[in-house]
file my_file-v2.csv (CSV, C-alpha atoms)
chain,number,residue,atom,x,y,z
X,1,MET,CA,39.8,-84.3,-96.2
X,2,ALA,CA,36.4,-84.9,-94.7
X,3,ALA,CA,35.2,-81.3,-95.3
X,4,ALA,CA,36.3,-81.5,-99.0
X,5,SER,CA,34.2,-84.6,-99.5
X,6,GLY,CA,31.2,-82.9,-97.9
X,7,SER,CA,30.9,-85.7,-95.3
X,8,VAL,CA,31.1,-83.4,-92.2
X,9,LEU,CA,27.9,-83.5,-90.1
X,10,LEU,CA,27.6,-80.0,-88.6
X,11,PRO,CA,26.2,-79.7,-85.1
X,12,ARG,CA,23.1,-77.5,-85.1
X,13,CYS,CA,20.6,-75.7,-83.0
X,14,ILE,CA,17.1,-75.6,-84.4
X,15,VAL,CA,14.1,-73.4,-83.7
X,16,ALA,CA,11.1,-75.3,-85.0
X,17,PRO,CA,8.2,-73.4,-86.6
X,18,ALA,CA,5.1,-73.1,-84.4
X,19,GLY,CA,2.9,-74.3,-87.3
X,20,ARG,CA,3.3,-76.2,-90.5
X,21,HIS,CA,6.9,-76.1,-91.8
X,22,SER,CA,6.9,-74.6,-95.3
X,23,ALA,CA,10.3,-72.7,-95.4
X,24,SER,CA,13.8,-72.8,-93.8
X,25,LEU,CA,16.4,-70.3,-92.8
X,26,ILE,CA,20.1,-71.1,-92.3
X,27,PHE,CA,21.8,-68.6,-90.0
X,28,LEU,CA,25.6,-68.8,-89.8
X,29,HIS,CA,27.5,-67.5,-86.7
X,30,GLY,CA,30.6,-65.3,-86.7
X,31,SER,CA,34.2,-66.5,-86.0
X,32,GLY,CA,34.7,-68.2,-82.7
X,33,ASP,CA,31.0,-68.5,-81.9
X,34,SER,CA,28.5,-71.4,-82.2
X,35,GLY,CA,25.0,-72.0,-83.4
X,36,GLN,CA,23.7,-72.1,-79.8
X,37,GLY,CA,25.7,-69.0,-79.0
X,38,LEU,CA,24.2,-67.0,-81.9
X,39,ARG,CA,20.7,-68.1,-81.0
X,40,ARG,CA,21.3,-66.9,-77.3
X,41,TRP,CA,22.8,-63.6,-78.5
X,42,ILE,CA,19.8,-62.9,-80.7
X,43,LYS,CA,17.5,-63.7,-77.8
X,44,GLN,CA,19.4,-61.4,-75.5
X,45,VAL,CA,19.3,-58.5,-78.0
X,46,SER,CA,15.6,-59.0,-79.0
X,47,HIS,CA,14.3,-60.3,-75.7
X,48,GLN,CA,12.8,-63.2,-77.6
X,49,ASP,CA,13.8,-66.0,-80.0
X,50,LEU,CA,13.8,-65.4,-83.7
X,51,ALA,CA,10.8,-67.6,-84.4
X,52,PHE,CA,8.1,-68.0,-87.0
X,53,GLN,CA,4.8,-69.8,-87.6
X,54,HIS,CA,6.1,-71.5,-90.8
X,55,ILE,CA,9.9,-71.1,-90.9
X,56,LYS,CA,12.4,-73.5,-89.4
X,57,ILE,CA,15.6,-71.7,-88.2
X,58,ILE,CA,18.8,-73.7,-88.4
X,59,TYR,CA,21.9,-72.4,-86.5
X,60,PRO,CA,24.8,-74.7,-87.5
X,61,THR,CA,28.2,-74.7,-85.7
X,62,ALA,CA,31.4,-74.4,-87.8
X,63,PRO,CA,34.0,-77.1,-87.2
X,64,SER,CA,37.1,-76.2,-85.2
X,65,ARG,CA,40.1,-75.4,-87.3
X,66,PRO,CA,43.4,-73.5,-87.1
X,67,TYR,CA,42.7,-69.8,-87.8
X,68,THR,CA,45.5,-67.6,-89.2
X,69,PRO,CA,44.3,-64.2,-87.7
X,70,MET,CA,44.6,-65.9,-84.3
X,71,ARG,CA,48.2,-67.1,-85.0
X,72,GLY,CA,46.9,-70.6,-85.9
X,73,ALA,CA,44.9,-71.2,-82.7
X,74,MET,CA,41.9,-73.5,-83.1
X,75,SER,CA,38.6,-71.7,-83.5
X,76,HIS,CA,35.1,-72.5,-84.8
X,77,VAL,CA,35.3,-70.7,-88.1
X,78,TRP,CA,33.7,-71.4,-91.5
X,79,PHE,CA,37.0,-70.8,-93.4
X,80,ASP,CA,40.4,-69.4,-92.9
X,81,ARG,CA,41.6,-65.9,-93.7
X,82,PHE,CA,45.1,-64.7,-94.4
X,83,LYS,CA,44.2,-61.6,-92.4
X,84,ILE,CA,41.1,-59.6,-91.5
X,85,SER,CA,41.2,-57.2,-94.4
X,86,ASP,CA,39.3,-56.5,-97.7
X,87,ASP,CA,42.6,-56.1,-99.5
X,88,CYS,CA,44.1,-59.6,-99.5
X,89,PRO,CA,43.4,-62.9,-101.4
X,90,GLU,CA,40.6,-65.2,-100.1
X,91,HIS,CA,41.5,-68.6,-98.6
X,92,LEU,CA,39.4,-70.3,-101.3
X,93,GLU,CA,40.4,-73.8,-100.5
X,94,SER,CA,38.7,-73.6,-97.1
X,95,ILE,CA,35.8,-71.6,-98.4
X,96,ASP,CA,35.1,-74.1,-101.2
X,97,ALA,CA,35.4,-77.1,-98.8
X,98,MET,CA,32.8,-75.5,-96.4
X,99,CYS,CA,30.5,-74.7,-99.4
X,100,GLN,CA,30.3,-78.4,-100.0
X,101,VAL,CA,29.5,-79.1,-96.3
X,102,LEU,CA,26.8,-76.5,-96.2
X,103,THR,CA,25.4,-77.7,-99.5
X,104,ASP,CA,24.6,-81.0,-97.6
X,105,LEU,CA,22.6,-78.9,-95.1
X,106,ILE,CA,20.6,-77.3,-97.9
X,107,ASN,CA,20.0,-80.7,-99.5
X,108,GLU,CA,18.7,-82.1,-96.2
X,109,GLU,CA,16.0,-79.4,-96.3
X,110,VAL,CA,15.2,-80.0,-99.9
X,111,LYS,CA,14.9,-83.8,-99.2
X,112,SER,CA,12.4,-83.0,-96.4
X,113,GLY,CA,10.1,-81.3,-98.9
X,114,ILE,CA,11.3,-77.6,-98.7
X,115,LYS,CA,11.9,-76.0,-102.2
X,116,LYS,CA,15.1,-74.2,-102.8
X,117,ASN,CA,13.2,-70.9,-103.4
X,118,ARG,CA,11.8,-71.3,-99.8
X,119,ILE,CA,15.3,-71.3,-98.2
X,120,LEU,CA,17.1,-68.2,-97.0
X,121,ILE,CA,20.9,-68.2,-96.2
X,122,GLY,CA,22.6,-65.6,-94.1
X,123,GLY,CA,24.9,-64.8,-91.2
X,124,PHE,CA,26.8,-62.4,-88.9
X,125,SER,CA,30.3,-61.3,-89.9
X,126,MET,CA,32.2,-64.3,-91.3
X,127,GLY,CA,28.8,-66.1,-91.4
X,128,GLY,CA,27.5,-63.5,-93.8
X,129,CYS,CA,30.5,-63.7,-96.0
X,130,MET,CA,30.1,-67.5,-96.0
X,131,ALA,CA,26.5,-67.1,-97.0
X,132,MET,CA,27.3,-64.9,-99.9
X,133,HIS,CA,29.8,-67.5,-101.2
X,134,LEU,CA,27.4,-70.3,-100.7
X,135,ALA,CA,24.4,-68.6,-102.4
X,136,TYR,CA,26.0,-66.5,-105.2
X,137,ARG,CA,28.6,-69.1,-106.3
X,138,ASN,CA,26.7,-72.3,-105.7
X,139,HIS,CA,22.9,-71.8,-105.0
X,140,GLN,CA,21.6,-68.9,-107.0
X,141,ASP,CA,18.1,-70.4,-106.7
X,142,VAL,CA,17.6,-69.7,-103.0
X,143,ALA,CA,15.0,-67.1,-101.8
X,144,GLY,CA,17.6,-64.6,-100.6
X,145,VAL,CA,20.8,-63.8,-98.7
X,146,PHE,CA,21.5,-61.7,-95.6
X,147,ALA,CA,24.8,-60.4,-94.3
X,148,LEU,CA,25.1,-58.6,-91.0
X,149,SER,CA,28.4,-56.7,-90.4
X,150,SER,CA,30.0,-58.7,-93.2
X,151,PHE,CA,32.2,-58.0,-96.3
X,152,LEU,CA,33.8,-59.6,-99.3
X,153,ASN,CA,37.4,-59.2,-100.3
X,154,LYS,CA,38.0,-56.8,-103.2
X,155,THR,CA,38.9,-59.6,-105.6
X,156,SER,CA,36.3,-62.0,-104.2
X,157,ALA,CA,35.4,-65.2,-106.2
X,158,VAL,CA,31.8,-64.1,-105.6
X,159,TYR,CA,32.2,-61.1,-107.9
X,160,GLN,CA,33.9,-63.3,-110.5
X,161,ALA,CA,31.0,-65.8,-110.4
X,162,LEU,CA,28.3,-63.0,-110.7
X,163,GLN,CA,30.1,-61.6,-113.8
X,164,LYS,CA,29.3,-64.9,-115.5
X,165,THR,CA,25.7,-65.0,-114.4
X,166,ASP,CA,22.8,-64.0,-116.6
X,167,GLY,CA,19.9,-65.5,-114.6
X,168,VAL,CA,17.9,-64.4,-111.6
X,169,ILE,CA,20.1,-63.6,-108.6
X,170,PRO,CA,18.9,-63.8,-105.0
X,171,GLU,CA,18.2,-60.5,-103.2
X,172,LEU,CA,20.7,-59.3,-100.5
X,173,PHE,CA,19.7,-57.8,-97.2
X,174,GLN,CA,22.7,-56.1,-95.5
X,175,CYS,CA,23.2,-54.2,-92.2
X,176,HIS,CA,26.4,-52.7,-90.9
X,177,GLY,CA,27.3,-50.5,-87.8
X,178,THR,CA,28.9,-47.2,-88.6
X,179,ALA,CA,31.2,-47.6,-85.6
X,180,ASP,CA,32.4,-51.1,-86.4
X,181,GLU,CA,36.2,-51.2,-85.9
X,182,LEU,CA,36.8,-54.9,-86.7
X,183,VAL,CA,34.9,-55.0,-90.1
X,184,LEU,CA,34.8,-51.4,-91.3
X,185,HIS,CA,31.5,-50.0,-92.4
X,186,SER,CA,33.2,-48.9,-95.6
X,187,TRP,CA,34.1,-52.5,-96.4
X,188,GLY,CA,30.4,-53.5,-96.1
X,189,GLU,CA,29.3,-50.5,-98.2
X,190,GLU,CA,31.9,-51.3,-100.9
X,191,THR,CA,30.7,-54.9,-101.0
X,192,ASN,CA,27.1,-53.8,-101.4
X,193,LEU,CA,28.0,-51.4,-104.2
X,194,MET,CA,30.0,-54.0,-106.0
X,195,LEU,CA,27.2,-56.6,-105.8
X,196,LYS,CA,24.7,-54.0,-106.9
X,197,SER,CA,26.8,-53.2,-110.0
X,198,LEU,CA,26.8,-56.9,-110.8
X,199,GLY,CA,23.0,-57.1,-110.9
X,200,VAL,CA,22.2,-58.0,-107.3
X,201,SER,CA,19.1,-56.3,-105.8
X,202,THR,CA,20.3,-55.1,-102.5
X,203,ASN,CA,19.1,-53.5,-99.2
X,204,PHE,CA,21.8,-51.8,-97.2
X,205,TYR,CA,21.1,-50.3,-93.7
X,206,SER,CA,23.7,-48.3,-91.9
X,207,LEU,CA,23.3,-48.5,-88.1
X,208,PRO,CA,24.5,-45.3,-86.4
X,209,ASN,CA,26.9,-45.8,-83.5
X,210,VAL,CA,26.7,-49.6,-83.6
X,211,TYR,CA,30.0,-51.5,-83.3
X,212,HIS,CA,30.7,-55.1,-84.5
X,213,ASP,CA,27.5,-56.1,-82.9
X,214,LEU,CA,23.8,-57.0,-83.4
X,215,SER,CA,21.2,-54.4,-82.7
X,216,LYS,CA,17.4,-54.7,-81.9
X,217,THR,CA,16.6,-52.4,-84.8
X,218,GLU,CA,18.6,-54.5,-87.2
X,219,LEU,CA,16.9,-57.7,-86.1
X,220,GLU,CA,13.5,-56.2,-86.5
X,221,LYS,CA,14.3,-55.1,-90.0
X,222,LEU,CA,15.7,-58.6,-90.7
X,223,LYS,CA,12.6,-60.2,-89.4
X,224,SER,CA,10.4,-58.1,-91.7
X,225,TRP,CA,12.6,-58.9,-94.7
X,226,ILE,CA,12.5,-62.6,-93.9
X,227,LEU,CA,8.7,-62.6,-93.9
X,228,LYS,CA,8.7,-60.6,-97.2
X,229,LYS,CA,10.9,-63.3,-98.8
X,230,LEU,CA,9.3,-66.3,-97.2
X,231,PRO,CA,5.6,-65.4,-96.7
X,232,GLY,CA,3.3,-67.9,-95.0
X,233,GLU,CA,1.4,-70.0,-97.5
X,234,VAL,CA,-2.3,-69.4,-97.7
X,235,GLU,CA,-4.2,-72.3,-96.2
X,236,LYS,CA,-6.7,-73.9,-98.5
X,237,GLU,CA,-8.7,-75.9,-96.0
X,238,ASN,CA,-12.0,-74.3,-97.0
X,239,GLU,CA,-11.8,-75.1,-100.7

call {"tool": "encode", "arguments": {"input": "my_file-v2.csv", "output": "structure tokens"}}
result
Amino acid sequence: MAAASGSVLLPRCIVAPAGRHSASLIFLHGSGDSGQGLRRWIKQVSHQDLAFQHIKIIYPTAPSRPYTPMRGAMSHVWFDRFKISDDCPEHLESIDAMCQVLTDLINEEVKSGIKKNRILIGGFSMGGCMAMHLAYRNHQDVAGVFALSSFLNKTSAVYQALQKTDGVIPELFQCHGTADELVLHSWGEETNLMLKSLGVSTNFYSLPNVYHDLSKTELEKLKSWILKKLPGEVEKENE
């Protein structure tokens, strides 16, 4: 019930900007992970933190809940799935409840003075799926969305929402390993093609021989895209 009311306070790991805070990025972990775990993983792959002069990075941790693909065992997941497949219904009740919780996180940034068009939302695997639901169904005024090794179900509510949209839609950055055996590369590719057909401007990078994993190349591409979407503001001290 707490999640449905949007009253859940998510634990989070934060990487503060080195300079003046003028933009924010919400990075959602995959199933069974944590915000702290995702930050450590990125640091391990890149040999450095994902950090910026002006962008605050927020790594929230999903609440623990029963997860059907693990036979109902408790896990830190953003929502439940009936199974890990692109060809089954979405568990919309849990997705919608978490959209409300994550909306509170976005609103916190807005209240602190960050405009919605200076906020990026994305994630790895389930986190990327959650980010697409959050942005394309609830917050189409954010700066952009990224999804790493992620997919949407064939009849996703995201597609239905975009069919009814005639405004500006956030750009999508997507990467997927060609050797991914958990979330098939074809699922990510089909998701990208479907979103593109519905008017989303997309970038899709296939990562040769990469499994369900993060890669250094992928994180370098992501960092460049982040800076393109959230450039540093020109200082006007000399005016």

call {"tool": "atom_distance", "arguments": {"input": "my_file-v2.csv", "atom1": "CA of Phe52 (chain X)", "atom2": "CA of Leu195 (chain X)"}}
result
29.1 Å

call {"tool": "atom_distance", "arguments": {"input": "my_file-v2.csv", "atom1": "CA of Val183 (chain X)", "atom2": "CA of Pro208 (chain X)"}}
result
14.7 Å

call {"tool": "residues_near_point", "arguments": {"input": "my_file-v2.csv", "point": "(32.0, -63.1, -87.7)", "cutoff": "7 Å", "atoms": "only C-alpha atoms", "output": "list in words"}}
result
His29, Gly30, Ser31, Phe124, Ser125, Met126 and Gly127 of chain X

call {"tool": "residues_around", "arguments": {"input": "my_file-v2.csv", "residues": "Asn203 (chain X)", "least_positions_apart": "5", "cutoff": "12 Å", "atoms": "only C-alpha atoms", "output": "PyMOL selection string"}}
result
chain X and resi 144-148+170-176+188-189+191-193+195-196+221-222+225

call {"tool": "closest_residue", "arguments": {"input": "my_file-v2.csv", "among": "X:His139, X:Leu9, X:Asn153, X:Ser85", "to": "Leu184 (chain X)", "atoms": "all atoms listed in the file"}}
result
X:Ser85

call {"tool": "residues_around", "arguments": {"input": "my_file-v2.csv", "residues": "Asn117 (chain X)", "least_positions_apart": "5", "cutoff": "8 Å", "atoms": "all atoms listed in the file", "output": "PDB file with C-alpha atoms, keeping the file's coordinate frame"}}
result
ATOM      1  CA  ASP X 141      18.100 -70.400-106.700  1.00  0.00           C
ATOM      2  CA  VAL X 142      17.600 -69.700-103.000  1.00  0.00           C
ATOM      3  CA  ALA X 143      15.000 -67.100-101.800  1.00  0.00           C
TER       4      ALA X 143
END

call {"tool": "closest_atom_pairs", "arguments": {"input": "my_file-v2.csv", "of": "region 135-226 of chain X", "to": "region 40-50 of chain X", "cutoff": "9 Å", "atoms": "all atoms listed in the file", "output": "Markdown table"}}
result
| residue | atom | partner | partner_atom | distance |
| --- | --- | --- | --- | --- |
| X:Leu214 | CA | X:Val45 | CA | 7.2 |
| X:Ser215 | CA | X:Val45 | CA | 6.5 |
| X:Lys216 | CA | X:Ser46 | CA | 5.5 |
| X:Thr217 | CA | X:Ser46 | CA | 8.8 |
| X:Leu219 | CA | X:Ser46 | CA | 7.3 |
| X:Glu220 | CA | X:Ser46 | CA | 8.3 |
| X:Lys223 | CA | X:Leu50 | CA | 7.8 |

call {"tool": "write_last_selection", "arguments": {"input": "my_file-v2.csv", "atoms": "C-alpha atoms", "output": "PDB file, keeping the file's coordinate frame"}}
result
ATOM      1  CA  LEU X 214      23.800 -57.000 -83.400  1.00  0.00           C
ATOM      2  CA  SER X 215      21.200 -54.400 -82.700  1.00  0.00           C
ATOM      3  CA  LYS X 216      17.400 -54.700 -81.900  1.00  0.00           C
ATOM      4  CA  THR X 217      16.600 -52.400 -84.800  1.00  0.00           C
ATOM      5  CA  LEU X 219      16.900 -57.700 -86.100  1.00  0.00           C
ATOM      6  CA  GLU X 220      13.500 -56.200 -86.500  1.00  0.00           C
ATOM      7  CA  LYS X 223      12.600 -60.200 -89.400  1.00  0.00           C
TER       8      LYS X 223
END

call {"tool": "closest_residue", "arguments": {"input": "my_file-v2.csv", "among": "X:Val77, X:Val200, X:Ile106, X:Ile114", "to": "Arg20 (chain X)", "atoms": "all atoms listed in the file"}}
result
X:Ile114

call {"tool": "atom_distance", "arguments": {"input": "my_file-v2.csv", "atom1": "CA of Ala131 (chain X)", "atom2": "CA of Leu207 (chain X)"}}
result
20.9 Å

call {"tool": "residues_around", "arguments": {"input": "my_file-v2.csv", "residues": "Leu10 (chain X)", "least_positions_apart": "5", "cutoff": "10 Å", "atoms": "all atoms listed in the file", "output": "ChimeraX atom specification"}}
result
/X:35,59-63,101-102,104-105

call {"tool": "closest_atom_pairs", "arguments": {"input": "my_file-v2.csv", "of": "region 100-128 of chain X", "to": "region 134-138 of chain X", "cutoff": "10 Å", "atoms": "all atoms listed in the file", "output": "tab-separated table"}}
result
residue	atom	partner	partner_atom	distance
X:Gln100	CA	X:Leu134	CA	8.6
X:Leu102	CA	X:Leu134	CA	7.7
X:Thr103	CA	X:Leu134	CA	7.8
X:Leu120	CA	X:Ala135	CA	9.1
X:Ile121	CA	X:Ala135	CA	7.1
X:Gly122	CA	X:Ala135	CA	9.0
X:Gly128	CA	X:Leu134	CA	9.7

call {"tool": "closest_residue", "arguments": {"input": "my_file-v2.csv", "among": "X:Ala18, X:Ala161, X:Leu25, X:Ala179", "to": "Ile119 (chain X)", "atoms": "only C-alpha atoms"}}
result
X:Leu25

call {"tool": "closest_residue", "arguments": {"input": "my_file-v2.csv", "among": "X:Gly123, X:Arg118, X:Lys154, X:Ile55", "to": "Phe27 (chain X)", "atoms": "only C-alpha atoms"}}
result
X:Gly123

call {"tool": "closest_residue", "arguments": {"input": "my_file-v2.csv", "among": "X:Gln53, X:Glu190, X:Ser150, X:Ala97", "to": "Pro17 (chain X)", "atoms": "all atoms listed in the file"}}
result
X:Gln53

call {"tool": "decode", "arguments": {"input": "my_file-v2.csv", "residues": "region 156-174 of chain X", "atoms": "N, CA and C atoms", "output": "PDB file, in the first residue's frame"}}
result
ATOM      1  N   SER X 156       3.668  -3.674 -24.540  1.00  0.00           N
ATOM      2  CA  SER X 156       3.952  -2.757 -23.429  1.00  0.00           C
ATOM      3  C   SER X 156       3.030  -1.542 -23.391  1.00  0.00           C
ATOM      4  N   ALA X 157       2.694  -1.156 -22.173  1.00  0.00           N
ATOM      5  CA  ALA X 157       1.907   0.069 -21.952  1.00  0.00           C
ATOM      6  C   ALA X 157       2.668   1.301 -22.441  1.00  0.00           C
ATOM      7  N   VAL X 158       3.995   1.204 -22.540  1.00  0.00           N
ATOM      8  CA  VAL X 158       4.797   2.315 -23.071  1.00  0.00           C
ATOM      9  C   VAL X 158       4.394   2.590 -24.523  1.00  0.00           C
ATOM     10  N   TYR X 159       4.243   1.543 -25.314  1.00  0.00           N
ATOM     11  CA  TYR X 159       3.854   1.709 -26.714  1.00  0.00           C
ATOM     12  C   TYR X 159       2.459   2.335 -26.820  1.00  0.00           C
ATOM     13  N   GLN X 160       1.564   1.872 -25.945  1.00  0.00           N
ATOM     14  CA  GLN X 160       0.200   2.402 -25.966  1.00  0.00           C
ATOM     15  C   GLN X 160       0.185   3.887 -25.614  1.00  0.00           C
ATOM     16  N   ALA X 161       1.016   4.281 -24.648  1.00  0.00           N
ATOM     17  CA  ALA X 161       1.083   5.695 -24.248  1.00  0.00           C
ATOM     18  C   ALA X 161       1.634   6.555 -25.385  1.00  0.00           C
ATOM     19  N   LEU X 162       2.670   6.062 -26.066  1.00  0.00           N
ATOM     20  CA  LEU X 162       3.299   6.837 -27.139  1.00  0.00           C
ATOM     21  C   LEU X 162       2.381   6.978 -28.355  1.00  0.00           C
ATOM     22  N   GLN X 163       1.499   6.018 -28.564  1.00  0.00           N
ATOM     23  CA  GLN X 163       0.546   6.121 -29.680  1.00  0.00           C
ATOM     24  C   GLN X 163      -0.395   7.309 -29.491  1.00  0.00           C
ATOM     25  N   LYS X 164      -0.579   7.728 -28.231  1.00  0.00           N
ATOM     26  CA  LYS X 164      -1.496   8.837 -27.932  1.00  0.00           C
ATOM     27  C   LYS X 164      -0.760  10.174 -27.786  1.00  0.00           C
ATOM     28  N   THR X 165       0.557  10.172 -28.004  1.00  0.00           N
ATOM     29  CA  THR X 165       1.371  11.372 -27.790  1.00  0.00           C
ATOM     30  C   THR X 165       1.618  12.112 -29.089  1.00  0.00           C
ATOM     31  N   ASP X 166       1.477  13.432 -29.058  1.00  0.00           N
ATOM     32  CA  ASP X 166       1.803  14.215 -30.248  1.00  0.00           C
ATOM     33  C   ASP X 166       2.814  15.322 -29.932  1.00  0.00           C
ATOM     34  N   GLY X 167       3.337  15.308 -28.704  1.00  0.00           N
ATOM     35  CA  GLY X 167       4.319  16.329 -28.315  1.00  0.00           C
ATOM     36  C   GLY X 167       5.749  15.843 -28.524  1.00  0.00           C
ATOM     37  N   VAL X 168       6.694  16.577 -27.942  1.00  0.00           N
ATOM     38  CA  VAL X 168       8.109  16.200 -28.023  1.00  0.00           C
ATOM     39  C   VAL X 168       8.363  15.022 -27.086  1.00  0.00           C
ATOM     40  N   ILE X 169       9.078  14.016 -27.589  1.00  0.00           N
ATOM     41  CA  ILE X 169       9.346  12.801 -26.812  1.00  0.00           C
ATOM     42  C   ILE X 169      10.836  12.742 -26.496  1.00  0.00           C
ATOM     43  N   PRO X 170      11.214  12.371 -25.259  1.00  0.00           N
ATOM     44  CA  PRO X 170      12.643  12.303 -24.910  1.00  0.00           C
ATOM     45  C   PRO X 170      13.415  11.309 -25.783  1.00  0.00           C
ATOM     46  N   GLU X 171      14.635  11.680 -26.122  1.00  0.00           N
ATOM     47  CA  GLU X 171      15.515  10.810 -26.902  1.00  0.00           C
ATOM     48  C   GLU X 171      15.926   9.592 -26.072  1.00  0.00           C
ATOM     49  N   LEU X 172      16.149   8.460 -26.776  1.00  0.00           N
ATOM     50  CA  LEU X 172      16.556   7.221 -26.112  1.00  0.00           C
ATOM     51  C   LEU X 172      17.960   6.809 -26.535  1.00  0.00           C
ATOM     52  N   PHE X 173      18.797   6.487 -25.539  1.00  0.00           N
ATOM     53  CA  PHE X 173      20.123   5.909 -25.768  1.00  0.00           C
ATOM     54  C   PHE X 173      20.051   4.465 -25.308  1.00  0.00           C
ATOM     55  N   GLN X 174      20.401   3.535 -26.204  1.00  0.00           N
ATOM     56  CA  GLN X 174      20.270   2.108 -25.880  1.00  0.00           C
ATOM     57  C   GLN X 174      21.526   1.351 -26.294  1.00  0.00           C
TER      58      GLN X 174
END
